[in-house]
$ cat data-v4.csv   # CSV, C-alpha atoms
chain,number,residue,atom,x,y,z
P,1,MET,CA,0.0,0.0,0.0
P,2,GLN,CA,2.8,2.4,0.9
P,3,LYS,CA,4.5,1.7,-2.5
P,4,ILE,CA,1.3,2.6,-4.4
P,5,LYS,CA,1.0,5.9,-2.5
P,6,SER,CA,4.6,6.7,-3.2
P,7,LEU,CA,4.0,6.1,-6.9
P,8,LYS,CA,1.0,8.3,-6.9
P,9,VAL,CA,3.0,11.1,-5.2
P,10,PHE,CA,5.8,10.7,-7.7
P,11,PHE,CA,3.4,10.7,-10.7
P,12,LEU,CA,1.7,13.9,-9.4
P,13,ALA,CA,5.0,15.6,-8.8
P,14,ALA,CA,6.1,14.7,-12.3
P,15,LEU,CA,3.0,16.1,-13.8
P,16,PHE,CA,3.4,19.3,-11.8
P,17,VAL,CA,7.0,19.8,-13.1
P,18,MET,CA,5.9,19.2,-16.7
P,19,ALA,CA,3.1,21.7,-16.4
P,20,LEU,CA,5.5,24.3,-14.9
P,21,SER,CA,8.1,23.8,-17.6
P,22,SER,CA,5.6,24.3,-20.4
P,23,VAL,CA,4.5,27.6,-18.8
P,24,ALA,CA,8.1,28.7,-18.4
P,25,PHE,CA,8.7,28.5,-22.1
P,26,ALA,CA,5.5,30.2,-23.2
P,27,GLY,CA,5.9,33.6,-24.7
P,28,ALA,CA,4.3,36.5,-22.9
P,29,GLN,CA,2.5,37.3,-26.1
P,30,ASP,CA,0.6,34.0,-26.4
P,31,PHE,CA,-3.1,34.7,-27.2
P,32,THR,CA,-6.3,33.1,-28.5
P,33,LEU,CA,-7.4,34.3,-31.9
P,34,VAL,CA,-11.2,34.2,-32.5
P,35,ASN,CA,-12.7,34.5,-36.0
P,36,ASN,CA,-15.9,36.5,-35.8
P,37,THR,CA,-15.6,37.9,-39.4
P,38,GLY,CA,-18.5,35.9,-40.8
P,39,TYR,CA,-16.2,34.1,-43.2
P,40,PRO,CA,-13.6,31.3,-42.9
P,41,ILE,CA,-10.1,32.5,-42.7
P,42,TYR,CA,-7.6,30.7,-44.9
P,43,LYS,CA,-4.4,32.3,-43.7
P,44,VAL,CA,-3.3,34.3,-40.7
P,45,ASN,CA,0.0,36.2,-40.5
P,46,VAL,CA,1.2,37.6,-37.2
P,47,SER,CA,4.3,39.9,-37.4
P,48,ALA,CA,6.0,42.3,-35.1
P,49,ALA,CA,4.7,45.8,-35.7
P,50,SER,CA,8.3,47.0,-36.1
P,51,THR,CA,8.7,44.9,-39.4
P,52,ASN,CA,7.6,45.8,-42.9
P,53,SER,CA,6.7,42.2,-44.0
P,54,TRP,CA,4.4,39.5,-42.9
P,55,GLU,CA,5.6,36.3,-41.2
P,56,GLU,CA,4.5,32.9,-42.5
P,57,ASP,CA,0.9,31.7,-42.2
P,58,ILE,CA,0.3,30.4,-38.7
P,59,LEU,CA,-2.6,28.2,-39.9
P,60,GLY,CA,-0.5,26.1,-42.2
P,61,SER,CA,-3.0,23.9,-44.2
P,62,ASP,CA,-5.8,24.5,-41.7
P,63,ILE,CA,-8.7,26.9,-42.1
P,64,LEU,CA,-10.2,28.9,-39.2
P,65,PRO,CA,-14.0,28.7,-39.6
P,66,ASN,CA,-16.2,31.6,-38.5
P,67,GLY,CA,-16.9,31.2,-34.8
P,68,SER,CA,-13.8,29.2,-34.2
P,69,SER,CA,-10.6,30.0,-32.4
P,70,VAL,CA,-6.9,29.1,-32.5
P,71,HIS,CA,-4.3,29.5,-29.8
P,72,VAL,CA,-1.2,31.4,-31.0
P,73,THR,CA,2.0,30.7,-29.2
P,74,PHE,CA,5.4,32.5,-29.3
P,75,GLY,CA,8.8,31.5,-28.1
P,76,VAL,CA,10.3,33.3,-25.1
P,77,GLY,CA,10.3,37.1,-25.8
P,78,ASN,CA,8.8,40.4,-24.9
P,79,GLN,CA,7.9,42.1,-28.1
P,80,GLN,CA,4.9,44.2,-27.2
P,81,TYR,CA,3.1,45.4,-30.4
P,82,TRP,CA,2.1,43.0,-33.2
P,83,ASP,CA,0.2,43.2,-36.5
P,84,ILE,CA,-2.3,40.5,-37.6
P,85,GLN,CA,-3.5,39.9,-41.1
P,86,ALA,CA,-6.4,37.6,-42.1
P,87,ILE,CA,-6.7,36.3,-45.6
P,88,PHE,CA,-9.9,34.9,-47.0
P,89,GLU,CA,-10.7,32.4,-49.7
P,90,ASP,CA,-11.0,35.0,-52.4
P,91,GLY,CA,-7.6,36.4,-51.6
P,92,SER,CA,-9.0,39.6,-49.9
P,93,SER,CA,-7.5,40.5,-46.5
P,94,ILE,CA,-7.9,42.6,-43.5
P,95,ALA,CA,-5.1,43.7,-41.2
P,96,TRP,CA,-5.1,45.0,-37.6
P,97,TYR,CA,-2.0,47.0,-36.5
P,98,ASN,CA,-0.2,47.7,-33.3
P,99,ILE,CA,-2.0,45.2,-31.1
P,100,ASP,CA,-0.5,45.1,-27.6
P,101,LEU,CA,-0.1,41.3,-27.1
P,102,LEU,CA,1.6,41.7,-23.7
P,103,SER,CA,-1.8,43.1,-22.3
P,104,THR,CA,-4.1,40.8,-24.3
P,105,TYR,CA,-5.0,37.2,-24.0
P,106,GLN,CA,-7.7,37.1,-26.7
P,107,VAL,CA,-8.1,38.9,-30.0
P,108,THR,CA,-11.5,38.6,-31.7
P,109,LEU,CA,-11.6,39.6,-35.4
P,110,ASN,CA,-15.0,41.1,-36.0
P,111,ASN,CA,-17.1,41.3,-39.2
P,112,ASP,CA,-17.0,45.1,-39.2
P,113,GLY,CA,-13.2,45.2,-39.6
P,114,THR,CA,-12.5,45.9,-35.9
P,115,ALA,CA,-10.7,43.7,-33.4
P,116,SER,CA,-11.9,43.2,-29.8
P,117,LEU,CA,-9.1,42.8,-27.3
P,118,GLN,CA,-9.4,41.1,-23.9
$ encode --input "data-v4.csv" --output "structure tokens"
Amino acid sequence: MQKIKSLKVFFLAALFVMALSSVAFAGAQDFTLVNNTGYPIYKVNVSAASTNSWEEDILGSDILPNGSSVHVTFGVGNQQYWDIQAIFEDGSSIAWYNIDLLSTYQVTLNNDGTASLQ
């Protein structure tokens, strides 16, 4: 009985350490992106506001349906302001500029072209 209790304690401690290590490597800018545009989004580019070009598509081969969300993660860093571009099936796009991702945990892209930040 003591051996089973020791294994449970060890297992819980190991889970706790793994959870802490994943948080330690999360970027301060991590956020959830919510599509409320009324259309599926085929590409999403997120780039530091200080750059003049878009980074690669974070969706890859996925599509972000209207009403759905995706969690966006960064490596360790503290870049504060970011730009987000959504590209739709017909190639049209909307961009949102200078979003403070250090103060935001959710960005909702709205159908009127605005972004709601939480």
$ residues_around --input "data-v4.csv" --residues "Val44 in chain P" --least-positions-apart "4" --cutoff "12 Å" --atoms "only C-alpha atoms" --output "ChimeraX atom specification"
/P:33-35,40,54-64,69-72,83-89,91,93-96,109
$ residues_around --input "data-v4.csv" --residues "Asp100 in chain P" --least-positions-apart "5" --cutoff "8 Å" --atoms "only C-alpha atoms" --output "list in words"
Gln80, Tyr81 and Trp82 of chain P
$ atom_distance --input "data-v4.csv" --atom1 "CA of Thr108 in chain P" --atom2 "CA of Gly27 in chain P"
19.4 Å
$ closest_residue --input "data-v4.csv" --among "P:Asn36, P:Ser50, P:Thr73, P:Asn78" --to "Leu102 in chain P" --atoms "all atoms listed in the file"
P:Asn78
$ closest_residue --input "data-v4.csv" --among "P:Ile41, P:Ala49, P:Val76, P:Ala28" --to "Thr104 in chain P" --atoms "all atoms listed in the file"
P:Ala28
$ atom_distance --input "data-v4.csv" --atom1 "CA of Val46 in chain P" --atom2 "CA of Gly75 in chain P"
13.3 Å
$ closest_residue --input "data-v4.csv" --among "P:Gln79, P:Ser47, P:Ser92, P:Thr37" --to "Ser116 in chain P" --atoms "all atoms listed in the file"
P:Thr37
$ atom_distance --input "data-v4.csv" --atom1 "CA of Tyr42 in chain P" --atom2 "CA of Val107 in chain P"
17.0 Å
$ closest_residue --input "data-v4.csv" --among "P:Gln29, P:Ser103, P:Ser68, P:Asn45" --to "Gln118 in chain P" --atoms "all atoms listed in the file"
P:Ser103
